[in-house]
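For reference, entry.txt (compact mmCIF, C-alpha atoms):
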# COMPACT_ATOMS: atom_id res chain seq x y z
CA MET A 1 218.75 35.04 -2.44
CA SER A 2 215.89 33.00 -3.96
CA TRP A 3 214.71 33.27 -7.57
CA GLU A 4 211.48 34.77 -6.22
CA ILE A 5 213.30 37.69 -4.57
CA ILE A 6 215.52 38.16 -7.66
CA GLY A 7 212.29 38.25 -9.69
CA ILE A 8 210.84 40.98 -7.46
CA TRP A 9 214.04 43.04 -7.84
CA VAL A 10 214.01 42.61 -11.63
CA ALA A 11 210.32 43.54 -11.83
CA THR A 12 210.89 46.59 -9.60
CA LEU A 13 213.87 47.84 -11.62
CA LEU A 14 211.91 47.41 -14.86
CA THR A 15 208.87 49.18 -13.35
CA PHE A 16 211.05 52.17 -12.33
CA GLY A 17 212.83 52.03 -15.70
CA ILE A 18 209.57 52.39 -17.64
CA ALA A 19 208.13 54.92 -15.14
CA SER A 20 211.27 57.09 -15.55
CA PHE A 21 209.79 58.17 -18.90
CA LEU A 22 207.47 60.44 -16.90
CA TYR A 23 210.54 62.60 -16.25
CA LYS A 24 211.86 62.44 -19.82
CA ASP A 25 213.14 60.02 -22.46
CA ASN A 26 216.33 58.57 -20.96
CA PRO A 27 218.72 55.59 -21.41
CA VAL A 28 217.21 53.63 -18.49
CA TYR A 29 213.76 53.88 -20.09
CA LYS A 30 215.22 52.87 -23.46
CA ILE A 31 216.87 49.79 -21.95
CA ALA A 32 213.59 48.73 -20.27
CA GLU A 33 211.71 49.44 -23.51
CA HIS A 34 214.07 47.27 -25.59
CA ILE A 35 213.94 44.48 -22.99
CA TYR A 36 210.16 44.65 -23.32
CA LEU A 37 210.38 44.44 -27.11
CA GLY A 38 212.73 41.44 -27.07
CA VAL A 39 210.78 39.53 -24.43
CA ALA A 40 207.43 40.31 -26.08
CA LEU A 41 208.71 39.04 -29.46
CA GLY A 42 210.01 35.81 -27.92
CA TYR A 43 206.95 35.38 -25.74
CA GLY A 44 204.44 35.95 -28.56
CA LEU A 45 206.19 33.55 -30.92
CA THR A 46 206.64 30.85 -28.27
CA ILE A 47 203.07 30.97 -27.02
CA TYR A 48 201.65 30.94 -30.53
CA PHE A 49 203.76 27.92 -31.42
CA TRP A 50 202.88 25.76 -28.38
CA ASP A 51 199.31 26.95 -28.14
CA SER A 52 198.22 27.06 -31.78
CA ILE A 53 200.69 25.78 -34.38
CA LYS A 54 201.73 22.58 -32.57
CA PRO A 55 198.24 21.25 -31.72
CA ASN A 56 196.54 22.48 -34.91
CA ALA A 57 199.18 21.76 -37.52
CA ILE A 58 202.21 19.73 -36.39
CA ASP A 59 200.30 17.25 -34.21
CA LYS A 60 197.80 16.71 -37.03
CA VAL A 61 200.32 15.86 -39.76
CA LEU A 62 202.75 14.06 -37.44
CA PRO A 63 200.52 12.63 -34.69
CA SER A 64 202.34 11.17 -31.72
CA ASP A 65 199.29 9.36 -30.27
CA GLY A 66 199.01 6.79 -33.08
CA SER A 67 196.03 8.44 -34.81
CA ALA A 68 195.89 8.78 -38.61
CA PRO A 69 197.68 11.87 -40.01
CA GLU A 70 195.53 14.55 -41.64
CA TYR A 71 197.22 15.02 -44.99
CA LEU A 72 195.04 18.01 -45.95
CA VAL A 73 196.79 20.06 -43.25
CA TRP A 74 199.96 19.91 -45.38
CA ILE A 75 198.28 22.47 -47.68
CA PRO A 76 198.22 25.33 -45.10
CA ILE A 77 201.72 24.32 -43.97
CA VAL A 78 203.01 24.67 -47.56
CA LEU A 79 201.05 27.94 -47.95
CA GLY A 80 202.58 29.10 -44.66
CA LEU A 81 206.04 28.37 -46.04
CA PHE A 82 205.09 30.49 -49.07
CA ILE A 83 204.51 33.41 -46.65
CA LEU A 84 208.05 32.96 -45.36
CA LEU A 85 209.30 33.16 -48.98
CA ARG A 86 208.65 36.91 -48.84
CA VAL A 87 212.23 37.22 -47.62
CA ILE A 88 213.42 35.98 -51.07
CA PRO A 89 212.44 38.76 -53.52
CA SER A 90 212.28 36.51 -56.61
CA LEU A 91 209.82 34.13 -54.88
CA ALA A 92 207.92 36.70 -52.80
CA TRP A 93 204.93 36.57 -55.18
CA LEU A 94 204.10 33.05 -53.94
CA SER A 95 203.00 34.59 -50.63
CA ARG A 96 200.07 36.14 -52.51
CA TRP A 97 198.51 32.69 -52.79
CA SER A 98 198.69 32.29 -49.02
CA PHE A 99 197.26 35.75 -48.35
CA ALA A 100 194.50 35.13 -50.92
CA VAL A 101 193.47 31.89 -49.16
CA TYR A 102 193.69 33.53 -45.73
CA ILE A 103 191.86 36.75 -46.59
CA GLY A 104 189.37 35.14 -49.01
CA GLY A 105 188.48 32.35 -46.58
CA ASN A 106 188.18 34.76 -43.68
CA MET A 107 185.89 37.04 -45.68
CA GLY A 108 183.71 34.06 -46.63
CA ILE A 109 183.31 33.22 -42.94
CA LEU A 110 182.84 36.89 -42.04
CA VAL A 111 179.87 37.73 -44.32
CA PRO A 112 177.27 35.39 -42.78
CA SER A 113 178.71 35.55 -39.26
CA VAL A 114 178.69 39.37 -39.10
CA ILE A 115 175.13 39.51 -40.43
CA ALA A 116 173.75 36.68 -38.29
CA ASN A 117 175.70 37.15 -35.07
CA LEU A 118 176.37 40.89 -34.90
CA LEU A 119 174.14 42.96 -37.17
CA MET A 120 170.86 41.09 -36.64
CA PRO A 121 171.02 40.95 -32.81
CA GLN A 122 171.82 44.69 -32.72
CA LEU A 123 168.88 45.39 -35.07
CA ALA A 124 166.62 43.17 -32.94
CA SER A 125 167.67 45.07 -29.79
CA ALA A 126 166.91 48.37 -31.52
CA MET A 127 163.45 47.18 -32.60
CA ARG A 128 162.13 46.37 -29.13
CA PRO A 129 158.86 47.93 -27.87
CA LEU A 130 159.43 50.80 -25.44
CA TYR A 131 157.36 49.19 -22.69
CA ASP A 132 155.74 45.91 -21.74
CA THR A 133 151.92 45.96 -22.10
CA ALA A 134 151.58 43.11 -19.61
CA GLN A 135 152.79 45.34 -16.78
CA PRO A 136 151.45 48.68 -15.49
CA LEU A 137 153.07 51.67 -17.18
CA ASN A 138 153.74 53.42 -13.86
CA ALA A 139 156.20 50.71 -12.88
CA GLN A 140 158.20 51.01 -16.14
CA TRP A 141 159.12 54.68 -16.43
CA GLY A 142 162.84 54.07 -15.91
CA PRO A 143 163.30 51.36 -18.58
CA LEU A 144 160.90 53.26 -20.91
CA ILE A 145 162.98 56.46 -20.79
CA GLY A 146 166.20 54.46 -21.16
CA GLN A 147 164.88 52.56 -24.19
CA ALA A 148 163.59 55.81 -25.77
CA VAL A 149 167.00 57.46 -25.28
CA ILE A 150 168.73 54.45 -26.89
CA LEU A 151 166.35 54.59 -29.85
CA ILE A 152 166.79 58.35 -30.38
CA ALA A 153 170.58 58.08 -29.93
CA THR A 154 170.83 55.24 -32.46
CA PHE A 155 168.71 57.04 -35.05
CA ALA A 156 170.40 60.43 -34.56
CA THR A 157 173.88 58.85 -34.78
CA MET A 158 172.95 57.06 -37.99
CA ILE A 159 171.61 60.31 -39.44
CA TYR A 160 174.96 62.00 -38.66
CA PHE A 161 176.71 59.36 -40.80
CA PHE A 162 174.08 59.52 -43.55
CA PHE A 163 175.46 61.74 -46.28
CA SER A 164 172.81 61.25 -48.99
CA LEU A 165 170.77 64.07 -47.43
CA GLU A 166 172.04 67.57 -46.85
CA HIS A 167 172.37 68.23 -43.10
CA ARG A 168 170.02 71.23 -43.00
CA GLY A 169 166.76 72.01 -41.21
CA PHE A 170 165.29 69.03 -39.31
CA VAL A 171 167.94 66.63 -40.62
CA GLY A 172 170.64 69.09 -39.55
CA LYS A 173 169.20 69.33 -36.04
CA LEU A 174 168.95 65.54 -35.80
CA SER A 175 172.51 65.21 -37.04
CA ARG A 176 173.68 67.70 -34.39
CA LEU A 177 171.84 65.67 -31.74
CA GLY A 178 173.68 62.62 -33.11
CA VAL A 179 177.01 64.42 -32.59
CA LEU A 180 176.07 65.12 -28.97
CA PHE A 181 175.24 61.46 -28.37
CA ILE A 182 178.53 60.44 -30.01
CA MET A 183 180.35 62.89 -27.71
CA ILE A 184 178.63 61.34 -24.67
CA SER A 185 179.71 57.91 -25.90
CA PHE A 186 183.31 59.04 -26.52
CA GLY A 187 183.42 60.80 -23.13
CA ALA A 188 182.14 57.66 -21.40
CA GLY A 189 184.67 55.56 -23.32
CA PHE A 190 187.45 57.96 -22.37
CA GLY A 191 186.49 57.91 -18.68
CA TYR A 192 186.29 54.13 -18.73
CA THR A 193 189.75 53.84 -20.34
CA VAL A 194 191.31 56.27 -17.85
CA MET A 195 189.91 54.28 -14.93
CA ALA A 196 191.21 51.00 -16.43
CA ARG A 197 194.69 52.55 -16.71
CA MET A 198 194.37 53.87 -13.15
CA SER A 199 193.64 50.38 -11.87
CA LEU A 200 196.83 49.16 -13.62
CA LEU A 201 198.75 51.99 -11.95
CA ILE A 202 197.29 51.05 -8.56
CA GLY A 203 198.36 47.47 -9.26
CA ARG A 204 201.96 48.62 -9.82
CA PHE A 205 201.92 50.61 -6.57
CA GLN A 206 200.54 47.59 -4.74
CA PHE A 207 203.36 45.49 -6.18
CA LEU A 208 205.97 48.03 -5.04
CA ILE A 209 204.49 48.37 -1.54
CA ILE A 210 203.60 44.74 -0.83
CA ASP A 211 206.16 42.76 -2.86
CA PHE A 212 209.18 45.05 -3.10
CA PHE A 213 209.12 46.96 0.19
CA GLY A 214 207.39 44.17 2.11
CA ARG A 215 208.87 40.92 0.80
CA ALA A 216 212.14 41.87 -0.92
CA LEU A 217 213.29 44.56 1.53
CA GLY A 218 211.48 43.14 4.56
CA LEU A 219 209.99 46.49 5.58
CA ARG A 220 206.73 46.52 7.52
CA ILE A 221 204.25 48.78 5.78
CA GLY A 222 201.11 49.91 7.58
CA MET B 1 203.54 33.51 -65.10
CA VAL B 2 201.54 36.76 -64.94
CA PHE B 3 198.42 34.62 -64.47
CA LEU B 4 199.97 32.82 -61.48
CA LYS B 5 201.15 36.09 -59.97
CA ARG B 6 198.09 38.26 -60.54
CA GLN B 7 194.91 36.40 -61.53
CA PHE B 8 195.38 33.12 -59.67
CA PRO B 9 195.42 34.72 -56.16
CA VAL B 10 192.17 36.56 -56.96
CA ILE B 11 190.59 33.27 -58.13
CA LEU B 12 191.82 31.57 -54.94
CA ALA B 13 190.26 34.32 -52.78
CA PHE B 14 186.99 33.98 -54.71
CA VAL B 15 186.87 30.17 -54.45
CA PHE B 16 187.72 30.04 -50.74
CA GLY B 17 185.47 33.01 -49.96
CA MET B 18 182.45 31.54 -51.74
CA LEU B 19 183.09 28.04 -50.38
CA LEU B 20 183.15 29.22 -46.78
CA TRP B 21 180.25 31.63 -47.30
CA LEU B 22 178.00 29.00 -48.90
CA GLN B 23 179.02 26.54 -46.19
CA TYR B 24 176.90 28.60 -43.76
CA TYR B 25 173.72 27.66 -45.67
CA VAL B 26 174.49 23.92 -45.59
CA PRO B 27 174.78 22.94 -41.93
CA SER B 28 175.70 19.31 -42.67
CA LYS B 29 178.39 17.37 -40.77
CA ALA B 30 180.82 17.53 -43.70
CA SER B 31 180.27 21.26 -44.13
CA ASN B 32 180.78 21.97 -40.42
CA SER B 33 183.88 19.81 -40.40
CA MET B 34 185.26 21.82 -43.36
CA LEU B 35 184.65 25.08 -41.48
CA GLU B 36 186.20 23.65 -38.32
CA SER B 37 189.26 22.41 -40.20
CA PHE B 38 189.70 25.72 -42.05
CA SER B 39 189.30 27.95 -39.02
CA SER B 40 191.47 25.80 -36.75
CA SER B 41 194.27 24.30 -38.86
CA TRP B 42 194.37 26.49 -41.97
CA LEU B 43 193.89 29.97 -40.53
CA ILE B 44 196.02 29.33 -37.44
CA THR B 45 198.91 27.88 -39.47
CA LEU B 46 198.84 30.76 -41.96
CA ALA B 47 198.60 33.37 -39.17
CA GLY B 48 201.45 31.62 -37.36
CA CYS B 49 203.69 31.80 -40.43
CA ALA B 50 202.81 35.50 -40.83
CA LEU B 51 203.79 35.97 -37.17
CA ILE B 52 207.11 34.16 -37.76
CA LEU B 53 207.73 36.46 -40.75
CA GLY B 54 206.98 39.52 -38.59
CA VAL B 55 209.31 38.36 -35.81
CA PHE B 56 212.00 37.51 -38.38
CA SER B 57 211.62 40.99 -39.88
CA ALA B 58 211.98 42.67 -36.45
CA VAL B 59 214.99 40.52 -35.51
CA PHE B 60 216.61 41.12 -38.92
CA HIS B 61 216.12 44.90 -38.48
CA HIS B 62 217.96 44.81 -35.14
CA VAL B 63 220.70 42.47 -36.43
CA GLU B 64 221.33 44.89 -39.31
CA LYS B 65 221.47 47.80 -36.87
CA VAL B 66 224.03 46.00 -34.69
CA LYS B 67 226.10 44.89 -37.71
CA ALA B 68 226.21 48.42 -39.11
CA ARG B 69 226.92 49.86 -35.62
CA ARG B 70 224.20 52.46 -36.22
CA ALA B 71 223.22 54.92 -33.47
CA GLY B 72 221.54 53.07 -30.59
CA PHE B 73 222.82 49.65 -31.70
CA GLY B 74 223.40 48.77 -28.02
CA TYR B 75 219.65 48.88 -27.41
CA SER B 76 219.12 46.61 -30.41
CA LEU B 77 221.64 44.19 -28.89
CA ILE B 78 219.58 44.17 -25.67
CA THR B 79 216.43 43.38 -27.70
CA LEU B 80 218.20 40.52 -29.49
CA VAL B 81 219.61 39.05 -26.26
CA CYS B 82 216.20 39.24 -24.53
CA PHE B 83 214.51 37.70 -27.55
CA GLY B 84 217.14 34.92 -27.61
CA ILE B 85 216.76 34.15 -23.89
CA THR B 86 212.94 34.11 -24.00
CA PHE B 87 212.86 32.04 -27.18
CA THR B 88 215.41 29.57 -25.79
CA CYS B 89 213.53 29.16 -22.51
CA GLY B 90 210.11 28.87 -24.11
CA PHE B 91 210.89 27.05 -27.35
CA ILE B 92 214.29 25.41 -27.55
CA LEU B 93 214.52 23.97 -23.99
CA PRO B 94 211.07 22.30 -24.22
CA LEU B 95 211.90 21.10 -27.76
CA ILE B 96 215.11 19.32 -26.73
CA GLY B 97 213.25 17.80 -23.78
CA ARG B 98 214.92 19.72 -20.95
CA ILE B 99 211.48 20.95 -19.82
CA ALA B 100 208.18 19.14 -20.41
CA PRO B 101 206.44 21.05 -23.22
CA GLY B 102 202.99 20.21 -21.89
CA SER B 103 200.07 18.83 -23.80
CA GLY B 104 200.16 21.59 -26.38
CA ILE B 105 196.73 22.76 -25.30
CA GLU B 106 197.87 24.25 -22.01
CA PRO B 107 199.91 27.41 -22.56
CA ILE B 108 203.51 27.30 -21.31
CA PRO B 109 203.21 30.16 -18.73
CA THR B 110 200.64 28.16 -16.79
CA GLN B 111 203.35 25.60 -16.01
CA PRO B 112 204.97 26.93 -12.85
CA ASP B 113 208.66 26.94 -11.94
CA THR B 114 210.05 27.00 -15.47
CA PRO B 115 212.49 29.69 -16.68
CA PHE B 116 209.84 30.81 -19.18
CA ASP B 117 207.30 31.20 -16.37
CA TRP B 118 209.85 33.26 -14.40
CA ILE B 119 210.41 35.57 -17.38
CA PHE B 120 206.68 35.91 -17.92
CA ASN B 121 205.92 36.80 -14.28
CA ASN B 122 208.91 39.00 -13.53
CA VAL B 123 209.63 40.70 -16.87
CA GLN B 124 206.68 40.52 -19.25
CA VAL B 125 203.85 41.17 -16.75
CA PRO B 126 205.47 44.14 -14.92
CA LEU B 127 206.58 45.74 -18.19
CA ASP B 128 203.17 45.24 -19.74
CA SER B 129 201.23 46.78 -16.86
CA THR B 130 203.71 49.62 -16.27
CA VAL B 131 203.66 50.66 -19.93
CA PHE B 132 199.87 50.71 -19.96
CA SER B 133 199.61 52.38 -16.53
CA LEU B 134 201.87 55.18 -17.84
CA LEU B 135 199.09 55.98 -20.27
CA ALA B 136 197.01 57.13 -17.28
CA PHE B 137 199.38 60.09 -16.86
CA PHE B 138 199.54 60.91 -20.56
CA VAL B 139 195.79 60.57 -21.07
CA ALA B 140 195.21 62.83 -18.05
CA SER B 141 197.65 65.48 -19.31
CA ALA B 142 196.22 65.28 -22.84
CA ALA B 143 192.71 65.64 -21.42
CA PHE B 144 193.76 68.66 -19.40
CA ARG B 145 194.89 70.37 -22.60
CA ALA B 146 192.12 69.15 -24.92
CA PHE B 147 189.04 69.15 -22.67
CA ARG B 148 188.27 72.83 -22.64
CA ALA B 149 184.56 73.55 -22.63
CA ARG B 150 184.86 75.74 -25.74
CA SER B 151 181.82 74.33 -27.55
CA MET B 152 178.66 72.42 -26.75
CA GLU B 153 180.20 69.15 -28.03
CA ALA B 154 183.38 69.58 -25.97
CA THR B 155 181.33 70.38 -22.85
CA VAL B 156 179.19 67.26 -23.29
CA LEU B 157 182.34 65.14 -23.81
CA LEU B 158 183.95 66.66 -20.70
CA LEU B 159 180.86 66.12 -18.54
CA ALA B 160 180.39 62.50 -19.66
CA ALA B 161 184.08 61.73 -19.02
CA CYS B 162 184.01 63.38 -15.55
CA ILE B 163 180.83 61.56 -14.51
CA MET B 164 182.28 58.28 -15.74
CA MET B 165 185.60 58.75 -13.93
CA LEU B 166 184.01 59.85 -10.65
CA GLY B 167 181.25 57.28 -10.90
CA ARG B 168 183.74 54.43 -11.23
CA VAL B 169 185.31 55.00 -7.81
CA ALA B 170 183.85 54.61 -4.32
CA PHE B 171 183.86 58.40 -3.92
CA GLY B 172 181.25 58.65 -6.71
CA GLU B 173 178.69 56.83 -4.57
CA MET B 174 179.00 59.58 -1.94
CA ILE B 175 178.14 62.35 -4.42
CA GLY B 176 174.37 62.71 -4.78
CA THR B 177 171.45 61.27 -2.86
CA GLN B 178 170.91 57.72 -1.66
CA THR B 179 168.60 56.98 -4.58
CA LEU B 180 170.65 58.77 -7.26
CA ASN B 181 174.40 59.22 -7.08
CA LEU B 182 177.23 59.68 -9.59
CA SER B 183 177.83 55.96 -9.75
CA ASP B 184 174.23 55.41 -10.90
CA ALA B 185 174.55 58.30 -13.37
CA ALA B 186 177.71 56.73 -14.85
CA GLU B 187 175.94 53.40 -15.18
CA TRP B 188 172.92 55.08 -16.84
CA ILE B 189 175.12 56.95 -19.34
CA LEU B 190 176.95 53.75 -20.23
CA ASN B 191 173.74 51.71 -20.62
CA ASN B 192 171.57 54.25 -22.45
CA PRO B 193 172.91 57.20 -24.51
CA SER B 194 176.33 55.60 -24.94
CA THR B 195 174.80 52.27 -25.99
CA GLY B 196 172.52 54.06 -28.48
CA ALA B 197 175.38 56.01 -30.09
CA GLN B 198 177.59 52.90 -30.15
CA ARG B 199 174.79 50.98 -31.84
CA GLY B 200 174.46 53.63 -34.53
CA ILE B 201 178.22 53.48 -35.17
CA LEU B 202 178.25 49.66 -35.05
CA PHE B 203 175.57 49.42 -37.77
CA GLY B 204 177.91 51.36 -40.04
CA ILE B 205 180.91 49.22 -39.08
CA TYR B 206 179.10 45.92 -39.66
CA LEU B 207 177.69 47.00 -43.02
CA SER B 208 181.13 48.24 -44.10
CA GLN B 209 182.69 44.93 -43.03
CA VAL B 210 180.21 43.02 -45.18
CA ALA B 211 180.73 45.42 -48.11
CA LEU B 212 184.53 45.09 -47.85
CA ALA B 213 184.26 41.30 -47.60
CA LEU B 214 182.15 41.21 -50.77
CA ARG B 215 184.62 43.48 -52.57
CA ILE B 216 187.48 41.15 -51.63
CA ILE B 217 185.63 37.94 -52.55
CA PHE B 218 184.62 39.31 -55.95
CA GLY B 219 188.10 40.63 -56.68
CA ILE B 220 187.24 44.34 -56.67
CA GLU B 221 189.52 45.01 -53.70
CA LYS B 222 193.00 43.61 -54.28
CA THR B 223 195.24 45.82 -52.13
CA TYR B 224 195.78 42.98 -49.63
CA LEU B 225 197.89 41.25 -52.31
CA GLY B 226 200.44 44.06 -52.17
CA GLY B 227 202.05 45.95 -55.00
CA GLY B 228 204.93 45.08 -57.32
CA SER B 229 204.95 42.54 -60.11

structure tokens encoding of this file:
Amino acid sequence: MSWEIIGIWVATLLTFGIASFLYKDNPVYKIAEHIYLGVALGYGLTIYFWDSIKPNAIDKVLPSDGSAPEYLVWIPIVLGLFILLRVIPSLAWLSRWSFAVYIGGNMGILVPSVIANLLMPQLASAMRPLYDTAQPLNAQWGPLIGQAVILIATFATMIYFFFSLEHRGFVGKLSRLGVLFIMISFGAGFGYTVMARMSLLIGRFQFLIIDFFGRALGLRIG
Amino acid sequence: MVFLKRQFPVILAFVFGMLLWLQYYVPSKASNSMLESFSSSWLITLAGCALILGVFSAVFHHVEKVKARRAGFGYSLITLVCFGITFTCGFILPLIGRIAPGSGIEPIPTQPDTPFDWIFNNVQVPLDSTVFSLLAFFVASAAFRAFRARSMEATVLLLAACIMMLGRVAFGEMIGTQTLNLSDAAEWILNNPSTGAQRGILFGIYLSQVALALRIIFGIEKTYLGGGS
């Protein structure tokens, strides 16, 4: 039996193991779940090391291609070791320095990048004219209605989250309209998520039919 | 000592925060190189060490459970064995030169015919997709219980979800006319009212992110440093 066929058997048993949870919580599911946990821990750590830590830290301070070492990179390595000192209670406070550098630096990058790359483009998209004057209006009804709906939805949603005014009268009605738009958005998000999960489920059935029944068991399907 | 434990981290956050913020306004070569170095080497190394700490903590939890022979320790043993095998195949074997570790840029799973690749394809991938595909059943059963058209809001949510689900499959194209079917309706909902509502929410999220970042840089928000002395 080749490693490929053994792999298909392992994958099939694990698929059934996890799927057995649909019946109820059982030892087979728990075994598959704990295999998943162990493999995911090992996989995550390994990939992060080879993909990120080695090229961005180790190869820079100890270059193997003859280039000059970057001594400044020793600072994050030492700060990283401080993070690991959290396991020693008397020295755990040193990890605060590392977290301060990490969080502080990240926040410094975040302020201008969120404003320039996220907030401003969204504002610019919200401040577009409803129609193009260079083209006849009759040909633009679809985009015009769409753009008007976006504008009303954005404004009404913002009003719903605006608590400096009491939600009564016109503001109350606008806020209620905002809730309806939020519900449409959540419903659409929900439907989208369900369909994404369904496609994963179809993928598992395809694996069972094509790979397990077809290749591992040699059955002719269809 | 109190200064080093309490005030110094806040000063560090302020200095690094301001340095990297002001860097944005000075697009010189040196400034860009500082940003590049910080976001590649510094942040990745620190995040990596935090990941190592997290993995260590999880492994330690399971080792303790096995040592104390607590209920379900057999499952913890399975986790430890699987972690050990994956870590050995992906980390230790390439490190001692039994398997070429690659250039360091290319991730290990892309190298075919290694034990780590086998584990990835036959254990990690099937488990990953089966766990997430299970959610289809639970989401559907939760929706069945929660999506009752008891109010206007619930009805709108239900309708939008149904249109989206039906519009995303080939069957949706058959419902309606040739010029307007459920698939088009789903697309319209996603591109117009949903986009508008998302935009309204996103404005709030972005402004809160900036406000939180400013609070952290100026030392008003210090919870990320943790409690204790």

Test item: residues at most 12 Å from Ala58 of chain B, all atoms listed in the file, excluding those fewer than 3 positions along its chain, as a PDB file with C-alpha atoms, keeping the file's coordinate frame:
ATOM      1  CA  HIS A  34     214.070  47.270 -25.590  1.00  0.00           C
ATOM      2  CA  LEU A  37     210.380  44.440 -27.110  1.00  0.00           C
ATOM      3  CA  GLY A  38     212.730  41.440 -27.070  1.00  0.00           C
ATOM      4  CA  ALA A  40     207.430  40.310 -26.080  1.00  0.00           C
ATOM      5  CA  LEU A  41     208.710  39.040 -29.460  1.00  0.00           C
ATOM      6  CA  GLY A  42     210.010  35.810 -27.920  1.00  0.00           C
TER       7      GLY A  42
ATOM      8  CA  LEU B  51     203.790  35.970 -37.170  1.00  0.00           C
ATOM      9  CA  ILE B  52     207.110  34.160 -37.760  1.00  0.00           C
ATOM     10  CA  LEU B  53     207.730  36.460 -40.750  1.00  0.00           C
ATOM     11  CA  GLY B  54     206.980  39.520 -38.590  1.00  0.00           C
ATOM     12  CA  VAL B  55     209.310  38.360 -35.810  1.00  0.00           C
ATOM     13  CA  HIS B  61     216.120  44.900 -38.480  1.00  0.00           C
ATOM     14  CA  HIS B  62     217.960  44.810 -35.140  1.00  0.00           C
ATOM     15  CA  VAL B  63     220.700  42.470 -36.430  1.00  0.00           C
ATOM     16  CA  GLU B  64     221.330  44.890 -39.310  1.00  0.00           C
ATOM     17  CA  LYS B  65     221.470  47.800 -36.870  1.00  0.00           C
ATOM     18  CA  SER B  76     219.120  46.610 -30.410  1.00  0.00           C
ATOM     19  CA  THR B  79     216.430  43.380 -27.700  1.00  0.00           C
ATOM     20  CA  LEU B  80     218.200  40.520 -29.490  1.00  0.00           C
ATOM     21  CA  PHE B  83     214.510  37.700 -27.550  1.00  0.00           C
TER      22      PHE B  83
END

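For the pair atom CA of Ile205 of chain B and atom CA of Ile115 of chain A, the separation is 11.4 Å.
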
Review point. At most 9 Å from (196.5, 18.1, -43.7), file frame, all atoms listed in the file: which residues, as JSON, numbers by chain?
Key: {"A": [57, 60, 61, 69, 70, 71, 72, 73, 74, 75, 76, 77], "B": [41, 42]}

Exercise for review: Determine which residues of chain A sit within 6 Å of chain B, taking into account only C-alpha atoms, and present them as a PyMOL selection string.
Suggested key: chain A and resi 7+11+15+34-35+38-39+42+46+50-51+53+55-57+76+80+84+96-97+100-101+104-105+107-109+111+146+149-150+153-154+157-158+180-185+187-188+191+194+197-198+200-201

Emit the selected residues as a tab-separated table (two decimals), in the frame of the given file, including C-alpha atoms.
chain	number	residue	atom	x	y	z
A	7	GLY	CA	212.29	38.25	-9.69
A	11	ALA	CA	210.32	43.54	-11.83
A	15	THR	CA	208.87	49.18	-13.35
A	34	HIS	CA	214.07	47.27	-25.59
A	35	ILE	CA	213.94	44.48	-22.99
A	38	GLY	CA	212.73	41.44	-27.07
A	39	VAL	CA	210.78	39.53	-24.43
A	42	GLY	CA	210.01	35.81	-27.92
A	46	THR	CA	206.64	30.85	-28.27
A	50	TRP	CA	202.88	25.76	-28.38
A	51	ASP	CA	199.31	26.95	-28.14
A	53	ILE	CA	200.69	25.78	-34.38
A	55	PRO	CA	198.24	21.25	-31.72
A	56	ASN	CA	196.54	22.48	-34.91
A	57	ALA	CA	199.18	21.76	-37.52
A	76	PRO	CA	198.22	25.33	-45.10
A	80	GLY	CA	202.58	29.10	-44.66
A	84	LEU	CA	208.05	32.96	-45.36
A	96	ARG	CA	200.07	36.14	-52.51
A	97	TRP	CA	198.51	32.69	-52.79
A	100	ALA	CA	194.50	35.13	-50.92
A	101	VAL	CA	193.47	31.89	-49.16
A	104	GLY	CA	189.37	35.14	-49.01
A	105	GLY	CA	188.48	32.35	-46.58
A	107	MET	CA	185.89	37.04	-45.68
A	108	GLY	CA	183.71	34.06	-46.63
A	109	ILE	CA	183.31	33.22	-42.94
A	111	VAL	CA	179.87	37.73	-44.32
A	146	GLY	CA	166.20	54.46	-21.16
A	149	VAL	CA	167.00	57.46	-25.28
A	150	ILE	CA	168.73	54.45	-26.89
A	153	ALA	CA	170.58	58.08	-29.93
A	154	THR	CA	170.83	55.24	-32.46
A	157	THR	CA	173.88	58.85	-34.78
A	158	MET	CA	172.95	57.06	-37.99
A	180	LEU	CA	176.07	65.12	-28.97
A	181	PHE	CA	175.24	61.46	-28.37
A	182	ILE	CA	178.53	60.44	-30.01
A	183	MET	CA	180.35	62.89	-27.71
A	184	ILE	CA	178.63	61.34	-24.67
A	185	SER	CA	179.71	57.91	-25.90
A	187	GLY	CA	183.42	60.80	-23.13
A	188	ALA	CA	182.14	57.66	-21.40
A	191	GLY	CA	186.49	57.91	-18.68
A	194	VAL	CA	191.31	56.27	-17.85
A	197	ARG	CA	194.69	52.55	-16.71
A	198	MET	CA	194.37	53.87	-13.15
A	200	LEU	CA	196.83	49.16	-13.62
A	201	LEU	CA	198.75	51.99	-11.95

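In this model, the gap between atom CA of Gln147 of chain A and atom CA of Asp132 of chain A comes to 11.6 Å.
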
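For the pair atom CA of Ser199 of chain A and atom CA of Thr179 of chain B, the separation is 26.9 Å.
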
Check your understanding: If you count all atoms listed in the file, which residues fall within 8 Å of Tyr29 of chain A, apart from same-chain ones fewer than 5 positions away, as a PyMOL selection string?
Key -> chain A and resi 17-21

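Each of A:Pro143, A:Gly178, A:Gly189, A:Gly66 was checked against Pro129 of chain A using all atoms listed in the file; the smallest atom-to-atom distance is that of A:Pro143.
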
Starting from 5 Å padding per side, set up an axis-aligned box that covers all listed atoms of segment 140-154 of chain B and hand over centre and edge lengths in Å, one decimal, as lines of an AutoDock Vina configuration file.
center_x = 188.2
center_y = 69.3
center_z = -23.0
size_x = 29.0
size_y = 22.9
size_z = 20.0

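Taking all atoms listed in the file into account, Glu4 of chain A lies nearest to B:Pro115 out of the set B:Ala71, B:Val2, B:Val66, B:Pro115.
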